[in-house]
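Pasted below: work_8.cif, mmCIF, C-alpha atoms.
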data_target
loop_
_atom_site.group_PDB
_atom_site.id
_atom_site.type_symbol
_atom_site.label_atom_id
_atom_site.label_comp_id
_atom_site.auth_asym_id
_atom_site.auth_seq_id
_atom_site.Cartn_x
_atom_site.Cartn_y
_atom_site.Cartn_z
ATOM 1 C CA ASP Y 116 -0.624 -15.872 5.092
ATOM 2 C CA ILE Y 117 -2.204 -15.614 1.658
ATOM 3 C CA GLN Y 118 0.416 -15.308 -1.067
ATOM 4 C CA MET Y 119 -0.205 -13.242 -4.179
ATOM 5 C CA THR Y 120 1.472 -14.224 -7.433
ATOM 6 C CA GLN Y 121 1.515 -11.662 -10.230
ATOM 7 C CA SER Y 122 2.350 -12.320 -13.851
ATOM 8 C CA PRO Y 123 4.154 -11.330 -15.876
ATOM 9 C CA SER Y 124 6.826 -9.595 -13.794
ATOM 10 C CA SER Y 125 7.443 -7.251 -16.711
ATOM 11 C CA LEU Y 126 6.125 -6.592 -20.181
ATOM 12 C CA SER Y 127 6.883 -4.356 -23.138
ATOM 13 C CA ALA Y 128 4.006 -2.780 -24.990
ATOM 14 C CA SER Y 129 3.238 0.049 -27.389
ATOM 15 C CA VAL Y 130 0.908 2.988 -27.016
ATOM 16 C CA GLY Y 131 -2.565 1.817 -27.957
ATOM 17 C CA ASP Y 132 -1.982 -1.827 -27.006
ATOM 18 C CA ARG Y 133 -4.340 -3.776 -24.790
ATOM 19 C CA VAL Y 134 -2.491 -4.975 -21.694
ATOM 20 C CA THR Y 135 -3.556 -7.624 -19.191
ATOM 21 C CA ILE Y 136 -1.889 -8.338 -15.854
ATOM 22 C CA ALA Y 137 -2.803 -11.386 -13.791
ATOM 23 C CA CYS Y 138 -2.804 -11.910 -10.034
ATOM 24 C CA ARG Y 139 -3.441 -15.245 -8.339
ATOM 25 C CA ALA Y 140 -4.128 -15.753 -4.639
ATOM 26 C CA SER Y 141 -2.924 -18.860 -2.814
ATOM 27 C CA GLN Y 142 -6.433 -19.266 -1.382
ATOM 28 C CA ALA Y 143 -9.820 -17.738 -2.061
ATOM 29 C CA ILE Y 144 -10.168 -14.073 -1.115
ATOM 30 C CA ARG Y 145 -13.683 -13.306 -2.481
ATOM 31 C CA ASP Y 146 -13.275 -9.896 -4.172
ATOM 32 C CA ASP Y 147 -11.045 -8.379 -1.455
ATOM 33 C CA LEU Y 148 -8.440 -7.193 -3.942
ATOM 34 C CA GLY Y 149 -7.073 -3.860 -5.076
ATOM 35 C CA TRP Y 150 -4.797 -2.752 -7.899
ATOM 36 C CA PHE Y 151 -2.197 -0.002 -7.536
ATOM 37 C CA GLN Y 152 -0.053 1.935 -9.980
ATOM 38 C CA GLN Y 153 3.363 3.247 -8.963
ATOM 39 C CA LYS Y 154 5.680 5.521 -10.905
ATOM 40 C CA PRO Y 155 9.371 5.900 -9.998
ATOM 41 C CA GLY Y 156 9.948 7.984 -6.892
ATOM 42 C CA LYS Y 157 6.218 8.341 -6.189
ATOM 43 C CA ALA Y 158 3.736 6.837 -3.795
ATOM 44 C CA PRO Y 159 1.421 4.151 -5.160
ATOM 45 C CA ARG Y 160 -1.990 5.189 -6.443
ATOM 46 C CA ARG Y 161 -5.066 3.009 -6.024
ATOM 47 C CA LEU Y 162 -6.783 2.244 -9.340
ATOM 48 C CA ILE Y 163 -9.268 -0.496 -8.499
ATOM 49 C CA TYR Y 164 -10.832 -1.866 -5.308
ATOM 50 C CA ALA Y 165 -13.226 -4.730 -4.642
ATOM 51 C CA ALA Y 166 -11.575 -6.430 -7.638
ATOM 52 C CA SER Y 167 -13.547 -4.451 -10.232
ATOM 53 C CA THR Y 168 -14.616 -1.050 -8.853
ATOM 54 C CA LEU Y 169 -12.828 1.874 -10.472
ATOM 55 C CA GLN Y 170 -11.421 4.441 -8.067
ATOM 56 C CA SER Y 171 -12.885 7.909 -8.590
ATOM 57 C CA GLY Y 172 -10.823 9.880 -11.094
ATOM 58 C CA VAL Y 173 -9.160 6.855 -12.691
ATOM 59 C CA PRO Y 174 -9.574 6.665 -16.494
ATOM 60 C CA SER Y 175 -12.106 4.156 -17.778
ATOM 61 C CA ARG Y 176 -9.459 2.377 -19.880
ATOM 62 C CA PHE Y 177 -8.516 0.624 -16.616
ATOM 63 C CA SER Y 178 -10.695 -2.292 -15.556
ATOM 64 C CA GLY Y 179 -10.466 -5.159 -13.114
ATOM 65 C CA SER Y 180 -12.126 -8.537 -12.942
ATOM 66 C CA GLY Y 181 -12.045 -11.773 -11.010
ATOM 67 C CA TYR Y 182 -13.292 -13.456 -7.842
ATOM 68 C CA GLY Y 183 -11.911 -16.062 -5.497
ATOM 69 C CA THR Y 184 -8.324 -16.744 -6.550
ATOM 70 C CA ASP Y 185 -7.828 -15.344 -10.061
ATOM 71 C CA PHE Y 186 -7.873 -11.674 -10.945
ATOM 72 C CA THR Y 187 -6.892 -9.471 -13.863
ATOM 73 C CA LEU Y 188 -6.150 -5.819 -14.472
ATOM 74 C CA THR Y 189 -6.730 -4.696 -18.051
ATOM 75 C CA ILE Y 190 -5.660 -1.475 -19.720
ATOM 76 C CA SER Y 191 -7.747 -1.297 -22.876
ATOM 77 C CA SER Y 192 -5.547 1.156 -24.798
ATOM 78 C CA LEU Y 193 -2.173 1.887 -23.238
ATOM 79 C CA GLN Y 194 -1.314 5.573 -22.941
ATOM 80 C CA PRO Y 195 2.137 7.147 -22.410
ATOM 81 C CA GLU Y 196 1.306 7.997 -18.796
ATOM 82 C CA ASP Y 197 0.477 4.337 -18.045
ATOM 83 C CA PHE Y 198 4.079 3.168 -18.169
ATOM 84 C CA ALA Y 199 4.623 2.244 -14.529
ATOM 85 C CA THR Y 200 4.693 -0.692 -12.134
ATOM 86 C CA TYR Y 201 1.403 -2.277 -11.082
ATOM 87 C CA TYR Y 202 0.709 -4.193 -7.867
ATOM 88 C CA CYS Y 203 -2.234 -6.213 -6.636
ATOM 89 C CA LEU Y 204 -3.076 -6.324 -2.920
ATOM 90 C CA GLN Y 205 -5.240 -8.790 -1.018
ATOM 91 C CA TYR Y 206 -7.039 -7.447 2.041
ATOM 92 C CA ASN Y 207 -9.128 -10.515 2.824
ATOM 93 C CA SER Y 208 -7.077 -11.700 5.781
ATOM 94 C CA PHE Y 209 -3.893 -11.062 7.763
ATOM 95 C CA SER Y 210 -1.277 -10.395 6.799
ATOM 96 C CA LEU Y 211 -2.116 -8.128 3.896
ATOM 97 C CA ASN Y 212 0.072 -9.045 0.971
ATOM 98 C CA PHE Y 213 0.991 -7.383 -2.272
ATOM 99 C CA GLY Y 214 1.845 -9.186 -5.463
ATOM 100 C CA GLY Y 215 5.421 -8.909 -6.669
ATOM 101 C CA GLY Y 216 4.607 -6.231 -9.222
ATOM 102 C CA THR Y 217 4.430 -5.950 -13.010
ATOM 103 C CA LYS Y 218 6.585 -3.364 -14.724
ATOM 104 C CA VAL Y 219 5.019 -2.049 -17.934
ATOM 105 C CA GLU Y 220 7.684 -0.675 -20.245
ATOM 106 C CA ILE Y 221 7.664 1.007 -23.619
ATOM 107 C CA LYS Y 222 8.328 -1.265 -26.600
ATOM 108 C CA GLN O 22 -8.115 17.831 -0.814
ATOM 109 C CA VAL O 23 -6.774 15.146 1.509
ATOM 110 C CA HIS O 24 -3.087 15.454 2.430
ATOM 111 C CA LEU O 25 -0.815 13.077 4.297
ATOM 112 C CA VAL O 26 2.525 14.717 5.022
ATOM 113 C CA GLN O 27 5.331 12.589 6.404
ATOM 114 C CA SER O 28 8.454 13.533 8.335
ATOM 115 C CA GLY O 29 11.791 13.856 6.596
ATOM 116 C CA ASP O 30 14.322 11.253 5.534
ATOM 117 C CA VAL O 31 16.489 9.833 8.288
ATOM 118 C CA VAL O 32 19.718 7.851 8.702
ATOM 119 C CA GLN O 33 20.118 5.574 11.695
ATOM 120 C CA LYS O 34 22.715 3.068 12.876
ATOM 121 C CA PRO O 35 21.998 -0.641 13.236
ATOM 122 C CA GLY O 36 20.338 -1.357 16.561
ATOM 123 C CA ALA O 37 18.876 2.132 16.875
ATOM 124 C CA SER O 38 15.217 3.179 16.633
ATOM 125 C CA VAL O 39 13.357 5.449 14.242
ATOM 126 C CA LYS O 40 10.021 7.206 14.601
ATOM 127 C CA VAL O 41 8.271 8.412 11.457
ATOM 128 C CA SER O 42 5.278 10.738 11.569
ATOM 129 C CA CYS O 43 2.369 11.218 9.172
ATOM 130 C CA THR O 44 0.182 14.307 9.615
ATOM 131 C CA VAL O 45 -3.242 14.194 8.036
ATOM 132 C CA SER O 46 -5.333 17.122 6.865
ATOM 133 C CA ASN O 47 -8.767 17.644 5.313
ATOM 134 C CA LEU O 48 -10.298 14.436 6.564
ATOM 135 C CA PRO O 49 -11.958 13.485 9.894
ATOM 136 C CA PHE O 50 -9.079 11.685 11.600
ATOM 137 C CA SER O 51 -11.175 9.470 13.881
ATOM 138 C CA ASP O 52 -13.201 8.179 10.894
ATOM 139 C CA TYR O 53 -10.125 6.517 9.418
ATOM 140 C CA GLY O 54 -7.480 3.937 10.081
ATOM 141 C CA PHE O 55 -3.946 4.248 8.773
ATOM 142 C CA SER O 56 -1.645 1.638 7.326
ATOM 143 C CA TRP O 57 2.101 1.745 6.841
ATOM 144 C CA VAL O 58 3.689 0.180 3.773
ATOM 145 C CA ARG O 59 7.397 0.005 3.038
ATOM 146 C CA GLN O 60 9.476 -0.450 -0.088
ATOM 147 C CA ALA O 61 13.123 -1.478 -0.009
ATOM 148 C CA PRO O 62 15.310 -0.034 -2.775
ATOM 149 C CA GLY O 63 14.356 -1.568 -6.108
ATOM 150 C CA GLN O 64 11.872 -3.922 -4.459
ATOM 151 C CA GLY O 65 8.113 -4.336 -4.167
ATOM 152 C CA LEU O 66 5.629 -3.176 -1.565
ATOM 153 C CA GLU O 67 5.341 -4.697 1.917
ATOM 154 C CA TRP O 68 2.514 -4.024 4.377
ATOM 155 C CA VAL O 69 3.920 -3.150 7.796
ATOM 156 C CA GLY O 70 0.871 -2.598 9.982
ATOM 157 C CA TRP O 71 -2.274 -0.580 10.778
ATOM 158 C CA ILE O 72 -3.690 1.615 13.491
ATOM 159 C CA SER O 73 -7.219 2.879 13.982
ATOM 160 C CA GLY O 74 -7.677 6.631 14.279
ATOM 161 C CA TYR O 75 -10.926 5.832 16.105
ATOM 162 C CA ASN O 76 -9.820 3.575 18.967
ATOM 163 C CA ASP O 77 -6.020 3.087 18.586
ATOM 164 C CA ASN O 78 -6.388 -0.624 17.864
ATOM 165 C CA THR O 79 -3.386 -1.961 16.004
ATOM 166 C CA GLN O 80 -2.461 -4.861 13.737
ATOM 167 C CA TYR O 81 1.137 -5.527 12.787
ATOM 168 C CA ALA O 82 2.658 -7.770 10.150
ATOM 169 C CA GLN O 83 4.272 -10.780 11.799
ATOM 170 C CA ASN O 84 7.710 -9.811 10.476
ATOM 171 C CA PHE O 85 7.713 -6.809 12.824
ATOM 172 C CA TYR O 86 6.265 -8.298 16.022
ATOM 173 C CA GLY O 87 8.109 -7.106 19.078
ATOM 174 C CA ARG O 88 9.928 -4.188 17.512
ATOM 175 C CA ILE O 89 7.199 -1.960 16.054
ATOM 176 C CA THR O 90 4.744 0.420 17.701
ATOM 177 C CA MET O 91 2.153 2.603 16.010
ATOM 178 C CA THR O 92 0.487 5.458 17.850
ATOM 179 C CA THR O 93 -1.732 8.434 17.138
ATOM 180 C CA ASP O 94 -2.073 11.995 18.387
ATOM 181 C CA THR O 95 -5.624 13.054 17.641
ATOM 182 C CA SER O 96 -4.937 16.647 18.749
ATOM 183 C CA THR O 97 -2.594 17.076 15.776
ATOM 184 C CA SER O 98 -4.118 14.425 13.442
ATOM 185 C CA THR O 99 -0.773 12.665 13.376
ATOM 186 C CA VAL O 100 0.092 8.985 13.137
ATOM 187 C CA TYR O 101 3.466 7.643 14.266
ATOM 188 C CA MET O 102 5.371 4.496 13.427
ATOM 189 C CA GLU O 103 8.329 3.541 15.609
ATOM 190 C CA LEU O 104 10.633 0.722 14.537
ATOM 191 C CA ARG O 105 13.286 -0.501 16.969
ATOM 192 C CA SER O 106 16.394 -2.672 16.724
ATOM 193 C CA LEU O 107 16.985 -1.482 13.189
ATOM 194 C CA ARG O 108 18.814 -3.734 10.746
ATOM 195 C CA SER O 109 20.282 -2.971 7.352
ATOM 196 C CA ASP O 110 17.361 -4.722 5.661
ATOM 197 C CA ASP O 111 14.990 -2.177 7.242
ATOM 198 C CA THR O 112 16.390 0.371 4.789
ATOM 199 C CA ALA O 113 13.338 1.394 2.784
ATOM 200 C CA VAL O 114 10.894 4.113 1.939
ATOM 201 C CA TYR O 115 8.048 4.008 4.460
ATOM 202 C CA PHE O 116 4.614 5.214 3.331
ATOM 203 C CA CYS O 117 1.528 5.959 5.383
ATOM 204 C CA ALA O 118 -1.894 5.579 3.785
ATOM 205 C CA THR O 119 -5.514 5.910 4.835
ATOM 206 C CA ASP O 120 -7.420 2.765 5.676
ATOM 207 C CA ASN O 121 -10.610 1.470 7.270
ATOM 208 C CA LYS O 122 -11.053 2.589 10.887
ATOM 209 C CA TRP O 123 -12.236 -0.849 12.080
ATOM 210 C CA SER O 124 -9.775 -3.208 10.432
ATOM 211 C CA PRO O 125 -7.261 -3.404 7.603
ATOM 212 C CA VAL O 126 -9.083 -6.469 6.284
ATOM 213 C CA GLY O 127 -12.522 -6.625 4.728
ATOM 214 C CA GLY O 128 -14.463 -3.624 3.490
ATOM 215 C CA ASP O 129 -13.045 -1.414 0.757
ATOM 216 C CA GLU O 130 -11.541 1.703 2.321
ATOM 217 C CA HIS O 131 -7.969 0.528 2.004
ATOM 218 C CA LEU O 132 -4.950 2.589 0.976
ATOM 219 C CA ASP O 133 -6.792 5.234 -1.039
ATOM 220 C CA TYR O 134 -4.719 8.253 0.050
ATOM 221 C CA TRP O 135 -0.943 8.113 0.539
ATOM 222 C CA GLY O 136 1.818 10.169 2.078
ATOM 223 C CA GLN O 137 4.887 11.114 0.072
ATOM 224 C CA GLY O 138 7.142 8.544 1.725
ATOM 225 C CA THR O 139 10.047 8.735 4.173
ATOM 226 C CA LEU O 140 13.402 7.137 3.373
ATOM 227 C CA VAL O 141 14.867 5.366 6.376
ATOM 228 C CA THR O 142 18.475 4.367 5.826
ATOM 229 C CA VAL O 143 20.127 1.996 8.286
ATOM 230 C CA SER O 144 23.869 2.188 8.018
ATOM 231 C CA SER O 145 26.868 2.187 10.321
#

This structure in structure tokens:
Amino acid sequence: DIQMTQSPSSLSASVGDRVTIACRASQAIRDDLGWFQQKPGKAPRRLIYAASTLQSGVPSRFSGSGYGTDFTLTISSLQPEDFATYYCLQYNSFSLNFGGGTKVEIK
Amino acid sequence: QVHLVQSGDVVQKPGASVKVSCTVSNLPFSDYGFSWVRQAPGQGLEWVGWISGYNDNTQYAQNFYGRITMTTDTSTSTVYMELRSLRSDDTAVYFCATDNKWSPVGGDEHLDYWGQGTLVTVSS
């Protein structure tokens, strides 16, 4: 199985900050990667697919980049509604695996 | 608007089975696959498996081999996940989500719509 390592596991940031979350795959996965946002008690929401394609309806302050093994999710200017936990997911090969998650908290 | 509505929360004893349903509306059922993802209390997300709404092909995560079955009922646009021989560490919220109808790997139509989640509690 391909393992996904996310960093950091948590971060504190202020409204307006630029935030970057990293995800590393244990082997190359092309661009078969998605990013998800989850708020407490809610289902996850897909933000990004194919490593860098923004899901319809997702604000443009979210962006994704990377190919192969190293990927990033960037929030250009953190908004109050962005405080949540973020997960990457590889769908290149079985078994699909999520990263461990990054909790973005208010500083 | 696409809706995935899951069955209600359930409590089961260790060793028992549970069957969770996910009824889909406002999308052509046979044009999609459906994945199940679970989340133990306070933990991250874990992919459980996938079924095609087109041909009923399935793929399961290795952790669940031998005790999981996913099925569909196209007449009601419903997907089912049955987990047997329940253990305490199966306690989790189980989510269904839309996926690619051919495979859960490759392509890009993965996990874009989600159900609300079903809490399965395994306790004696």

Selection: 8 Å around region 135-139 of chain O, only C-alpha atoms, excl. self and same-chain fewer than 3 positions, as a PyMOL selection string: (chain Y and resi 157-160) or (chain O and resi 24-31+41+43+114-119+132)

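Using the PyMOL selection byres ((chain Y) within 9 of (chain O)) on the file at hand returns these residues: Asp147, Leu148, Gly149, Lys157, Ala158, Pro159, Arg160, Arg161, Leu162, Tyr164, Ala165, Gln170, Tyr202, Gln205, Tyr206, Asn207, Ser208, Phe209, Ser210, Leu211, Asn212, Phe213, Gly214, Gly215 and Gly216 of chain Y.
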
Starting from 3 Å padding per side, set up an axis-aligned box that covers all listed atoms of region 81-93 of chain O and hand over centre and edge lengths in Å, one decimal, as lines of an AutoDock Vina configuration file.
center_x = 4.1
center_y = -1.2
center_z = 14.6
size_x = 17.7
size_y = 25.2
size_z = 14.9

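For the pair CA of Ser144 (chain O) and CA of Gln153 (chain Y), the separation is 26.6 Å.
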
Select, from Y:Gly156, Y:Gly131, Y:Pro123, Y:Gly172, the residue with the minimum atom-to-atom distance to Ile190 (chain Y), counting all atoms listed in the file.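 Checking each of Y:Gly156, Y:Gly131, Y:Pro123, Y:Gly172 against Ile190 (chain Y), counting all atoms listed in the file, the winner is Y:Gly131.
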
Just give me the gap between CA of Gly179 (chain Y) and CA of Phe151 (chain Y) in Å, one decimal is fine. 11.2 Å

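If you apply the PyMOL selection byres ((chain O and resi 48) around 12) to this structure, you end up with O:Gln22, O:Val23, O:His24, O:Leu25, O:Thr44, O:Val45, O:Ser46, O:Asn47, O:Pro49, O:Phe50, O:Ser51, O:Asp52, O:Tyr53, O:Gly54, O:Gly74, O:Ser98, O:Thr99, O:Thr119, O:Tyr134.
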
Write out as a ChimeraX atom specification each polymer residue whose atoms come within 12 Å of Ser192 (chain Y), counting all atoms listed in the file; drop sequence neighbours fewer than 5 positions from it. /Y:128-135,174-178,197-198

Using CA of Gly181 (chain Y) and CA of Cys138 (chain Y) as the two end points, give the distance in Å to one decimal.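 Computed distance, CA of Gly181 (chain Y) to CA of Cys138 (chain Y), equals 9.3 Å.
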
Nearest to Ser180 (chain Y), restricted to only C-alpha atoms and choosing among Y:Thr217, Y:Ala137, Y:Gln142, Y:Lys222, comes out as Y:Ala137

Here is a test: counting all atoms listed in the file, which residue of O:Thr112, O:Asn78, O:Ser73, O:Thr90 is nearest to Ser56 (chain O)?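 Residue with the minimum atom-to-atom distance to Ser56 (chain O): O:Ser73.
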
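Using all atoms listed in the file, the nearest neighbour of Ile89 (chain O) within the list O:Arg108, O:Lys40, O:Lys122, O:Lys34 is O:Lys40.
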
Given the choices O:Asp111, O:Ile72, O:Val141, O:Ser106, which gets closest to Gly87 (chain O) if the distance is worked out from all atoms listed in the file? O:Ser106

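Using only C-alpha atoms, the shortest contact distance between Ala199 (chain Y) and any of Y:Ile144, Y:Leu169, Y:Ile163, Y:Leu126 is found at Y:Leu126.
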
Expanded to explicit residues, what is the PyMOL selection byres ((chain Y and resi 139) around 8) for this file, as a list in words?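 Output of the PyMOL selection byres ((chain Y and resi 139) around 8): Met119, Thr120, Gln121, Ala137, Cys138, Ala140, Ser141, Thr184, Asp185 and Phe186 of chain Y.
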